[in-house]
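> Structure: my_file_36.cif, mmCIF, C-alpha atoms.
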```
data_protein
loop_
_atom_site.label_atom_id
_atom_site.label_comp_id
_atom_site.auth_asym_id
_atom_site.auth_seq_id
_atom_site.Cartn_x
_atom_site.Cartn_y
_atom_site.Cartn_z
CA MET A 136 -11.67 8.93 3.37
CA VAL A 137 -13.27 11.75 1.44
CA GLY A 138 -16.89 11.09 0.61
CA ASN A 139 -19.19 8.11 0.96
CA ILE A 140 -20.29 5.20 -1.14
CA SER A 141 -23.62 3.33 -1.00
CA PRO A 142 -23.65 -0.44 -0.33
CA GLN A 143 -24.87 -0.99 -3.90
CA CYS A 144 -21.97 1.04 -5.35
CA ALA A 145 -19.51 -0.70 -3.03
CA LYS A 146 -20.68 -4.05 -4.41
CA LEU A 147 -20.36 -2.85 -8.01
CA MET A 148 -16.89 -1.52 -7.18
CA GLN A 149 -15.85 -4.93 -5.81
CA GLN A 150 -17.08 -6.66 -8.97
CA LEU A 151 -15.29 -4.14 -11.19
CA ALA A 152 -12.06 -4.44 -9.18
CA ALA A 153 -12.11 -8.24 -9.40
CA ALA A 154 -12.83 -8.29 -13.15
CA ASP A 155 -10.28 -5.61 -14.00
CA PHE A 156 -7.65 -7.23 -11.78
CA PHE A 157 -8.05 -10.47 -13.74
CA ALA A 158 -7.39 -8.54 -16.97
CA THR A 159 -4.34 -6.82 -15.40
CA ASP A 160 -2.87 -10.15 -14.34
CA MET A 161 -3.47 -11.73 -17.76
CA LYS A 162 -1.81 -8.72 -19.39
CA LEU A 163 1.44 -9.35 -17.49
CA TYR A 164 1.30 -13.05 -18.39
CA LEU A 165 0.86 -12.19 -22.08
CA ASP A 166 3.88 -9.88 -22.00
CA THR A 167 6.10 -12.94 -21.47
CA HIS A 168 3.82 -15.42 -23.33
CA PRO A 169 2.64 -13.41 -26.39
CA ASP A 170 1.99 -16.56 -28.47
CA ASP A 171 -0.38 -18.21 -26.00
CA ALA A 172 -3.66 -18.20 -27.98
CA LYS A 173 -5.76 -19.51 -25.08
CA ALA A 174 -4.46 -16.76 -22.76
CA LEU A 175 -5.22 -14.16 -25.39
CA GLU A 176 -8.82 -15.38 -25.60
CA ILE A 177 -9.15 -15.26 -21.78
CA TYR A 178 -7.67 -11.75 -21.77
CA ARG A 179 -10.13 -10.41 -24.36
CA GLU A 180 -13.04 -11.87 -22.39
CA ALA A 181 -11.71 -10.43 -19.10
CA VAL A 182 -11.40 -6.94 -20.64
CA LYS A 183 -14.96 -7.15 -21.95
CA GLN A 184 -16.26 -8.13 -18.50
CA ALA A 185 -14.33 -5.34 -16.77
CA GLU A 186 -15.61 -2.74 -19.26
CA ALA A 187 -19.19 -3.90 -18.63
CA TYR A 188 -18.76 -3.51 -14.85
CA LYS A 189 -17.16 -0.10 -15.37
CA ARG A 190 -20.12 1.09 -17.44
CA ALA A 191 -22.57 -0.29 -14.86
CA PHE A 192 -20.71 1.49 -12.04
CA GLU A 193 -20.52 4.83 -13.84
CA GLU A 194 -24.22 4.69 -14.79
CA SER A 195 -25.48 4.10 -11.24
CA CYS A 196 -22.72 5.68 -9.08
CA TYR A 197 -20.24 8.30 -10.32
CA PRO A 198 -17.68 8.82 -13.10
CA LEU A 199 -14.40 6.91 -12.74
CA CYS A 200 -12.83 8.61 -15.77
CA ALA A 201 -12.90 12.36 -16.36
CA LYS A 202 -13.87 11.77 -20.00
CA ASN A 203 -17.18 10.35 -18.79
CA ALA A 204 -17.86 13.26 -16.40
CA GLY A 205 -19.94 16.39 -16.92
CA GLU A 206 -23.02 14.81 -18.46
CA GLY A 207 -26.22 16.23 -16.96
CA CYS A 208 -24.92 19.80 -16.71
CA SER A 209 -22.93 19.36 -13.50
CA TRP A 210 -19.26 18.75 -12.78
CA ASN A 211 -19.95 15.34 -11.25
CA TRP A 212 -16.25 14.44 -11.59
CA LEU A 213 -15.99 15.66 -7.98
CA ASN A 214 -18.42 12.96 -6.78
CA GLY A 215 -17.47 9.70 -5.14
CA LEU A 216 -14.47 8.33 -3.27
CA TRP A 217 -11.16 10.00 -4.11
CA ILE A 218 -8.81 8.19 -1.73
CA MET B 263 0.64 8.43 -21.24
CA PHE B 264 -1.29 7.85 -18.09
CA ILE B 265 -5.02 8.16 -17.53
CA PHE B 266 -6.38 8.40 -14.00
CA GLU B 267 -9.25 6.21 -12.85
CA LYS B 268 -10.92 7.31 -9.64
CA ARG B 269 -10.70 3.95 -7.85
CA LEU B 270 -8.10 1.70 -6.25
CA GLU B 271 -6.82 -1.52 -7.84
CA PHE B 272 -8.01 -3.28 -4.68
CA PRO B 273 -10.70 -1.37 -2.71
CA VAL B 274 -9.50 -0.32 0.77
CA VAL B 275 -11.96 0.55 3.53
CA ILE B 276 -10.43 0.86 7.02
CA LYS B 277 -12.73 1.39 10.02
CA ASN B 278 -10.18 1.86 12.85
CA ARG B 279 -7.49 4.51 13.26
CA ASN B 280 -3.89 3.63 14.17
CA PRO B 281 -1.15 6.25 13.50
CA LYS B 282 1.58 3.84 14.65
CA LEU B 283 0.60 1.19 12.12
CA ALA B 284 0.37 3.99 9.50
CA SER B 285 3.99 4.97 10.23
CA TYR B 286 5.14 1.36 9.64
CA ILE B 287 3.19 1.00 6.39
CA LEU B 288 4.49 4.38 5.19
CA SER B 289 7.78 2.58 4.44
CA GLN B 290 6.07 0.96 1.46
CA TYR B 291 5.22 4.50 0.23
CA GLY B 292 8.65 6.16 0.37
CA GLY B 293 11.00 3.55 1.81
CA PRO B 294 13.90 1.64 0.14
CA ASP B 295 11.72 -1.27 -1.06
CA GLY B 296 8.49 0.70 -1.38
CA GLU B 297 6.10 1.28 -4.23
CA LEU B 298 7.47 4.71 -5.24
CA ALA B 299 10.93 3.16 -5.69
CA ALA B 300 9.40 0.23 -7.58
CA SER B 301 7.39 2.36 -10.00
CA LEU B 302 10.29 4.77 -10.68
CA ARG B 303 12.70 1.87 -11.12
CA TYR B 304 10.64 0.06 -13.75
CA LEU B 305 9.29 3.14 -15.53
CA SER B 306 12.88 4.44 -15.85
CA GLN B 307 14.51 1.13 -16.82
CA ARG B 308 11.99 0.54 -19.62
CA PHE B 309 13.73 3.09 -21.86
CA ALA B 310 16.93 1.02 -22.04
CA GLN B 311 15.35 -2.37 -22.77
CA THR B 312 15.69 -3.59 -26.37
CA ASP B 313 13.27 -6.54 -26.41
CA LYS B 314 9.66 -5.38 -26.85
CA ARG B 315 8.45 -7.96 -24.35
CA ALA B 316 10.74 -6.49 -21.70
CA VAL B 317 9.70 -2.90 -22.51
CA ALA B 318 6.03 -3.92 -22.23
CA LEU B 319 6.56 -5.85 -18.99
CA LEU B 320 8.44 -2.99 -17.28
CA THR B 321 5.82 -0.50 -18.47
CA ASP B 322 2.91 -2.63 -17.26
CA ILE B 323 4.44 -3.61 -13.91
CA GLY B 324 5.69 -0.03 -13.36
CA THR B 325 2.16 1.19 -13.99
CA GLU B 326 0.71 -1.35 -11.56
CA GLU B 327 3.23 -0.18 -8.94
CA LEU B 328 1.81 3.34 -9.25
CA SER B 329 -1.58 1.85 -8.37
CA HIS B 330 0.06 0.20 -5.36
CA LEU B 331 1.63 3.53 -4.32
CA GLU B 332 -1.88 4.95 -4.42
CA MET B 333 -3.22 2.07 -2.28
CA ILE B 334 -0.48 2.55 0.35
CA GLY B 335 -1.21 6.30 0.43
CA SER B 336 -4.88 5.53 0.97
CA ILE B 337 -4.14 3.04 3.79
CA VAL B 338 -1.84 5.53 5.58
CA SER B 339 -4.34 8.34 5.11
CA GLN B 340 -7.31 6.30 6.34
CA LEU B 341 -5.39 5.06 9.40
CA THR B 342 -4.74 8.67 10.47
CA THR B 343 -7.95 10.43 9.35
CA GLY B 344 -9.21 12.77 12.08
CA GLU B 345 -6.40 11.90 14.53
CA GLY B 346 -4.87 14.91 16.28
CA ALA B 347 -1.46 15.78 17.73
CA ARG B 348 -2.17 14.07 21.09
CA SER B 349 -3.20 10.84 19.40
CA PHE B 350 -0.04 10.74 17.27
CA ASP B 351 1.98 11.36 20.44
CA ARG B 352 0.19 8.59 22.37
CA TYR B 353 0.90 6.17 19.54
CA GLY B 354 4.58 7.15 19.70
CA VAL B 355 4.68 8.96 16.35
CA GLY B 356 4.52 12.57 17.53
CA ASP B 357 7.72 13.31 15.60
CA TYR B 358 5.97 12.49 12.29
CA TYR B 359 3.08 14.76 13.29
CA ILE B 360 5.42 17.72 13.89
CA ASP B 361 6.66 17.74 10.28
CA HIS B 362 3.71 16.30 8.34
CA ALA B 363 0.57 16.27 10.58
CA ASN B 364 -2.04 14.11 8.78
CA ALA B 365 -0.31 14.33 5.40
CA VAL B 366 1.25 11.43 3.51
CA TYR B 367 4.97 12.06 2.95
CA PRO B 368 7.35 9.77 1.02
CA ALA B 369 9.66 8.55 3.77
CA ASN B 370 10.59 5.21 5.31
CA ALA B 371 9.28 3.88 8.65
CA ALA B 372 12.03 5.77 10.52
CA GLY B 373 11.17 9.07 8.78
CA VAL B 374 14.10 9.18 6.31
CA PRO B 375 12.89 10.96 3.12
CA PHE B 376 12.69 9.09 -0.19
CA THR B 377 15.78 9.15 -2.38
CA ALA B 378 16.39 7.94 -5.95
CA ALA B 379 19.53 6.27 -4.56
CA TYR B 380 17.17 3.39 -3.63
CA ILE B 381 16.96 2.41 -7.29
CA GLN B 382 19.25 1.73 -10.22
CA SER B 383 18.74 2.16 -13.96
CA LYS B 384 21.85 0.63 -15.46
CA GLY B 385 21.21 0.56 -19.19
CA ASP B 386 22.00 -3.15 -19.23
CA PRO B 387 18.91 -5.34 -19.75
CA ILE B 388 20.28 -8.30 -17.77
CA ALA B 389 21.57 -6.19 -14.88
CA ASP B 390 18.30 -4.28 -14.61
CA LEU B 391 16.08 -7.38 -14.66
CA THR B 392 18.31 -9.04 -12.06
CA GLU B 393 17.90 -6.00 -9.80
CA ASP B 394 14.14 -6.18 -10.36
CA LEU B 395 14.01 -9.79 -9.13
CA ALA B 396 15.74 -8.76 -5.90
CA ALA B 397 13.51 -5.69 -5.57
CA GLU B 398 10.35 -7.81 -5.71
CA GLN B 399 11.67 -10.17 -3.01
CA LYS B 400 12.69 -7.26 -0.77
CA ALA B 401 9.24 -5.71 -1.14
CA ARG B 402 7.65 -9.11 -0.37
CA ALA B 403 9.82 -9.42 2.77
CA THR B 404 8.82 -5.91 3.88
CA TYR B 405 5.13 -6.81 3.49
CA ASP B 406 5.80 -9.95 5.59
CA ASN B 407 7.29 -7.70 8.30
CA ILE B 408 4.26 -5.41 8.14
CA LEU B 409 1.90 -8.40 8.44
CA ARG B 410 3.75 -9.45 11.62
CA MET B 411 2.99 -6.01 13.11
CA CYS B 412 -0.61 -5.76 11.95
CA ASP B 413 -3.76 -7.22 13.52
CA ASP B 414 -6.38 -5.06 11.78
CA PRO B 415 -8.18 -7.31 9.25
CA ASP B 416 -9.16 -4.31 7.06
CA VAL B 417 -5.46 -3.51 6.62
CA THR B 418 -4.25 -7.10 6.48
CA CYS B 419 -6.36 -8.05 3.46
CA ALA B 420 -4.98 -5.13 1.41
CA ILE B 421 -1.37 -5.84 2.50
CA ARG B 422 -1.80 -9.52 1.60
CA PHE B 423 -3.01 -8.52 -1.86
CA LEU B 424 0.05 -6.29 -2.35
CA ARG B 425 2.36 -9.04 -1.08
CA GLU B 426 0.94 -11.52 -3.58
CA ARG B 427 1.54 -9.07 -6.42
CA GLU B 428 5.26 -9.00 -5.56
CA VAL B 429 5.32 -12.78 -5.99
CA VAL B 430 3.63 -12.58 -9.40
CA HIS B 431 5.92 -9.76 -10.57
CA PHE B 432 8.95 -11.82 -9.47
CA GLN B 433 7.64 -14.72 -11.58
CA ARG B 434 7.17 -12.52 -14.70
CA PHE B 435 10.59 -10.85 -14.33
CA GLY B 436 12.15 -14.31 -13.99
CA GLU B 437 10.50 -15.46 -17.22
CA MET B 438 11.73 -12.32 -18.97
CA LEU B 439 15.29 -12.86 -17.76
CA ASP B 440 15.16 -16.46 -19.06
CA ILE B 441 13.94 -15.18 -22.46
CA LEU B 442 16.80 -12.66 -22.73
CA GLN B 443 19.43 -15.17 -21.62
CA ALA B 444 18.15 -17.73 -24.14
CA LYS B 445 18.44 -15.10 -26.88
CA ILE B 446 22.08 -14.43 -25.96
CA LYS B 447 22.91 -18.15 -26.12
#
```
Translate the structure described by the file into structure tokens.

Amino acid sequence: MVGNISPQCAKLMQQLAAADFFATDMKLYLDTHPDDAKALEIYREAVKQAEAYKRAFEESCYPLCAKNAGEGCSWNWLNGLWI
Amino acid sequence: MFIFEKRLEFPVVIKNRNPKLASYILSQYGGPDGELAASLRYLSQRFAQTDKRAVALLTDIGTEELSHLEMIGSIVSQLTTGEGARSFDRYGVGDYYIDHANAVYPANAAGVPFTAAYIQSKGDPIADLTEDLAAEQKARATYDNILRMCDDPDVTCAIRFLREREVVHFQRFGEMLDILQAKIK
């Protein structure tokens, strides 16, 4: 492993992974059930949750997407766990 | 297009080193039923599908398989981090060390390099989806074999996650095949 992660960031990462995984799984279901209105509602909610966890993680830990890196005059894209 | 997120689909943190176990799990990186074969298979087949649902499903599952390739790479890498030549030799995988040291190389458990001959992209929607059903079951069976060889709980929980995804993908491909066959009738 390259780099370290604090217990607080590890917990946020777990929450993000769980929320985003739910959205990923719903996405596959919708591909074969595009007319399922209830599933669509669940999917939209899951995406919203995952985005909230992603924002929380990036604010208190390190950037997960390069487009959110570089604020604060340093190339913080290098920070965090890479593998 | 693809956008990289600096995290794994399922976080992997492995405390113990085990180059032998790494060499077994490497088969799901570059082996016949591994994640590289899976992602290339679906992301290539998607171009020949005509039903938008099938194009979307192959794109989305193919993309998820790339995340699984990344997870397997991370597991193999973490299991060998800091281990030297003597350790690889003691674990019986000195031959891997000679060619690749601590690197992750797309090969099967016996060291045979990855080949695109593991996959097919037939240009026939029914033939391709039928292959995909078999591919998911073969990957699931390989994960079962890995679980029989593995007693490290840090590794087991990640492998179990990957195994379950094969089952879900099999279910979705089956639904898609039913949809296409119903359209033909």
> Please provide as a ChimeraX atom specification all residues within 10 Å of stretch 145-157 of chain A, with the sequence filter that same-chain residues fewer than 5 positions apart are discarded (counting all atoms listed in the file).
/A:139-140,162,177-178,180-193,195-196 /B:269-273
> Grab the residues selected above and save them as a PDB file, keeping the file's coordinate frame with C-alpha atoms.

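So the final result, stored in again-v8.pdb, reads:
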```
ATOM      1  CA  ASN A 139     -19.190   8.110   0.960  1.00  0.00           C
ATOM      2  CA  ILE A 140     -20.290   5.200  -1.140  1.00  0.00           C
ATOM      3  CA  LYS A 162      -1.810  -8.720 -19.390  1.00  0.00           C
ATOM      4  CA  ILE A 177      -9.150 -15.260 -21.780  1.00  0.00           C
ATOM      5  CA  TYR A 178      -7.670 -11.750 -21.770  1.00  0.00           C
ATOM      6  CA  GLU A 180     -13.040 -11.870 -22.390  1.00  0.00           C
ATOM      7  CA  ALA A 181     -11.710 -10.430 -19.100  1.00  0.00           C
ATOM      8  CA  VAL A 182     -11.400  -6.940 -20.640  1.00  0.00           C
ATOM      9  CA  LYS A 183     -14.960  -7.150 -21.950  1.00  0.00           C
ATOM     10  CA  GLN A 184     -16.260  -8.130 -18.500  1.00  0.00           C
ATOM     11  CA  ALA A 185     -14.330  -5.340 -16.770  1.00  0.00           C
ATOM     12  CA  GLU A 186     -15.610  -2.740 -19.260  1.00  0.00           C
ATOM     13  CA  ALA A 187     -19.190  -3.900 -18.630  1.00  0.00           C
ATOM     14  CA  TYR A 188     -18.760  -3.510 -14.850  1.00  0.00           C
ATOM     15  CA  LYS A 189     -17.160  -0.100 -15.370  1.00  0.00           C
ATOM     16  CA  ARG A 190     -20.120   1.090 -17.440  1.00  0.00           C
ATOM     17  CA  ALA A 191     -22.570  -0.290 -14.860  1.00  0.00           C
ATOM     18  CA  PHE A 192     -20.710   1.490 -12.040  1.00  0.00           C
ATOM     19  CA  GLU A 193     -20.520   4.830 -13.840  1.00  0.00           C
ATOM     20  CA  SER A 195     -25.480   4.100 -11.240  1.00  0.00           C
ATOM     21  CA  CYS A 196     -22.720   5.680  -9.080  1.00  0.00           C
TER      22      CYS A 196
ATOM     23  CA  ARG B 269     -10.700   3.950  -7.850  1.00  0.00           C
ATOM     24  CA  LEU B 270      -8.100   1.700  -6.250  1.00  0.00           C
ATOM     25  CA  GLU B 271      -6.820  -1.520  -7.840  1.00  0.00           C
ATOM     26  CA  PHE B 272      -8.010  -3.280  -4.680  1.00  0.00           C
ATOM     27  CA  PRO B 273     -10.700  -1.370  -2.710  1.00  0.00           C
TER      28      PRO B 273
END
```
> Can you pull out every residue within 8 Å of B:Pro368, counting only C-alpha atoms, but drop anything in the same chain fewer than 2 positions away, and send it as a list in words?
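Here the answer would be Leu288, Ser289, Tyr291, Gly292, Gly293, Val366, Asn370, Pro375 and Phe376 of chain B.
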> Which residue gives the smallest distance to chain A among B:Met333, B:Leu298, B:Leu328, B:Leu395, with all atoms listed in the file counted?
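Result for the nearest residue to chain A: B:Met333.
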> Residues of chain A no more than 10 Å from chain B, counting all atoms listed in the file: send them over as a JSON list (two decimals) with C-alpha atoms, in the frame of the given file.

```json
[["chain", "number", "residue", "atom", "x", "y", "z"],
["A", 136, "MET", "CA", -11.67, 8.93, 3.37],
["A", 137, "VAL", "CA", -13.27, 11.75, 1.44],
["A", 145, "ALA", "CA", -19.51, -0.70, -3.03],
["A", 148, "MET", "CA", -16.89, -1.52, -7.18],
["A", 149, "GLN", "CA", -15.85, -4.93, -5.81],
["A", 151, "LEU", "CA", -15.29, -4.14, -11.19],
["A", 152, "ALA", "CA", -12.06, -4.44, -9.18],
["A", 153, "ALA", "CA", -12.11, -8.24, -9.40],
["A", 155, "ASP", "CA", -10.28, -5.61, -14.00],
["A", 156, "PHE", "CA", -7.65, -7.23, -11.78],
["A", 159, "THR", "CA", -4.34, -6.82, -15.40],
["A", 160, "ASP", "CA", -2.87, -10.15, -14.34],
["A", 162, "LYS", "CA", -1.81, -8.72, -19.39],
["A", 163, "LEU", "CA", 1.44, -9.35, -17.49],
["A", 164, "TYR", "CA", 1.30, -13.05, -18.39],
["A", 165, "LEU", "CA", 0.86, -12.19, -22.08],
["A", 166, "ASP", "CA", 3.88, -9.88, -22.00],
["A", 167, "THR", "CA", 6.10, -12.94, -21.47],
["A", 168, "HIS", "CA", 3.82, -15.42, -23.33],
["A", 169, "PRO", "CA", 2.64, -13.41, -26.39],
["A", 197, "TYR", "CA", -20.24, 8.30, -10.32],
["A", 198, "PRO", "CA", -17.68, 8.82, -13.10],
["A", 199, "LEU", "CA", -14.40, 6.91, -12.74],
["A", 200, "CYS", "CA", -12.83, 8.61, -15.77],
["A", 201, "ALA", "CA", -12.90, 12.36, -16.36],
["A", 202, "LYS", "CA", -13.87, 11.77, -20.00],
["A", 212, "TRP", "CA", -16.25, 14.44, -11.59],
["A", 213, "LEU", "CA", -15.99, 15.66, -7.98],
["A", 214, "ASN", "CA", -18.42, 12.96, -6.78],
["A", 215, "GLY", "CA", -17.47, 9.70, -5.14],
["A", 216, "LEU", "CA", -14.47, 8.33, -3.27],
["A", 217, "TRP", "CA", -11.16, 10.00, -4.11],
["A", 218, "ILE", "CA", -8.81, 8.19, -1.73]]
```
> Around (-1.3, -1.4, 11.5) in the file's frame, which residues reach within 8 Å when counting only C-alpha atoms? Return as number ranges by chain?
B: 280-284, 286-287, 341, 408, 411-414, 417
> Convert the output of the PyMOL selection byres ((chain B and resi 379) around 12) on the shown file into explicit residues, formatted as a VMD selection string.
chain B and resid 292 to 295 299 302 to 303 375 to 378 380 to 383
> Return as JSON, numbers by chain the set of residues that the PyMOL selection byres ((chain B and resi 425) around 10) yields on the displayed structure.
{"B": [398, 399, 401, 402, 403, 404, 405, 406, 409, 419, 420, 421, 422, 423, 424, 426, 427, 428, 429, 430]}
> Include C-alpha atoms and write out the residues we just selected as a PDB file, in the coordinates of the input.

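Everything below was put into result_23.pdb:
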```
ATOM      1  CA  GLU B 398      10.350  -7.810  -5.710  1.00  0.00           C
ATOM      2  CA  GLN B 399      11.670 -10.170  -3.010  1.00  0.00           C
ATOM      3  CA  ALA B 401       9.240  -5.710  -1.140  1.00  0.00           C
ATOM      4  CA  ARG B 402       7.650  -9.110  -0.370  1.00  0.00           C
ATOM      5  CA  ALA B 403       9.820  -9.420   2.770  1.00  0.00           C
ATOM      6  CA  THR B 404       8.820  -5.910   3.880  1.00  0.00           C
ATOM      7  CA  TYR B 405       5.130  -6.810   3.490  1.00  0.00           C
ATOM      8  CA  ASP B 406       5.800  -9.950   5.590  1.00  0.00           C
ATOM      9  CA  LEU B 409       1.900  -8.400   8.440  1.00  0.00           C
ATOM     10  CA  CYS B 419      -6.360  -8.050   3.460  1.00  0.00           C
ATOM     11  CA  ALA B 420      -4.980  -5.130   1.410  1.00  0.00           C
ATOM     12  CA  ILE B 421      -1.370  -5.840   2.500  1.00  0.00           C
ATOM     13  CA  ARG B 422      -1.800  -9.520   1.600  1.00  0.00           C
ATOM     14  CA  PHE B 423      -3.010  -8.520  -1.860  1.00  0.00           C
ATOM     15  CA  LEU B 424       0.050  -6.290  -2.350  1.00  0.00           C
ATOM     16  CA  GLU B 426       0.940 -11.520  -3.580  1.00  0.00           C
ATOM     17  CA  ARG B 427       1.540  -9.070  -6.420  1.00  0.00           C
ATOM     18  CA  GLU B 428       5.260  -9.000  -5.560  1.00  0.00           C
ATOM     19  CA  VAL B 429       5.320 -12.780  -5.990  1.00  0.00           C
ATOM     20  CA  VAL B 430       3.630 -12.580  -9.400  1.00  0.00           C
TER      21      VAL B 430
END
```
> Any idea what the distance is between atom CA of B:Ala396 and atom CA of B:Ala300?
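Result for atom CA of B:Ala396 versus atom CA of B:Ala300: 11.1 Å, one decimal.
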> Using all atoms listed in the file, which of A:Ala172, A:Glu194, A:Met161, A:Cys144 sits nearest A:Glu206?
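Counting all atoms listed in the file, the residue closest to A:Glu206 is A:Glu194.
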> At what distance in Å, to one decimal, does atom CA of A:Leu175 lie from atom CA of B:Ala444?
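Between atom CA of B:Ala444 and atom CA of A:Leu175 the gap is 23.7 Å.
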> Report the distance between atom CA of B:Ser285 and atom CA of B:Gln307 in Å, rounded to one decimal place.
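Result for atom CA of B:Ser285 versus atom CA of B:Gln307: 29.3 Å, one decimal.
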> Return as lines of an AutoDock Vina configuration file the box centre and box size in Å, one decimal, for an axis-aligned box around all listed atoms of stretch 177-189 of chain A padded by 3 Å per side.

```
center_x = -13.4
center_y = -7.7
center_z = -19.6
size_x = 17.5
size_y = 21.2
size_z = 15.5
```
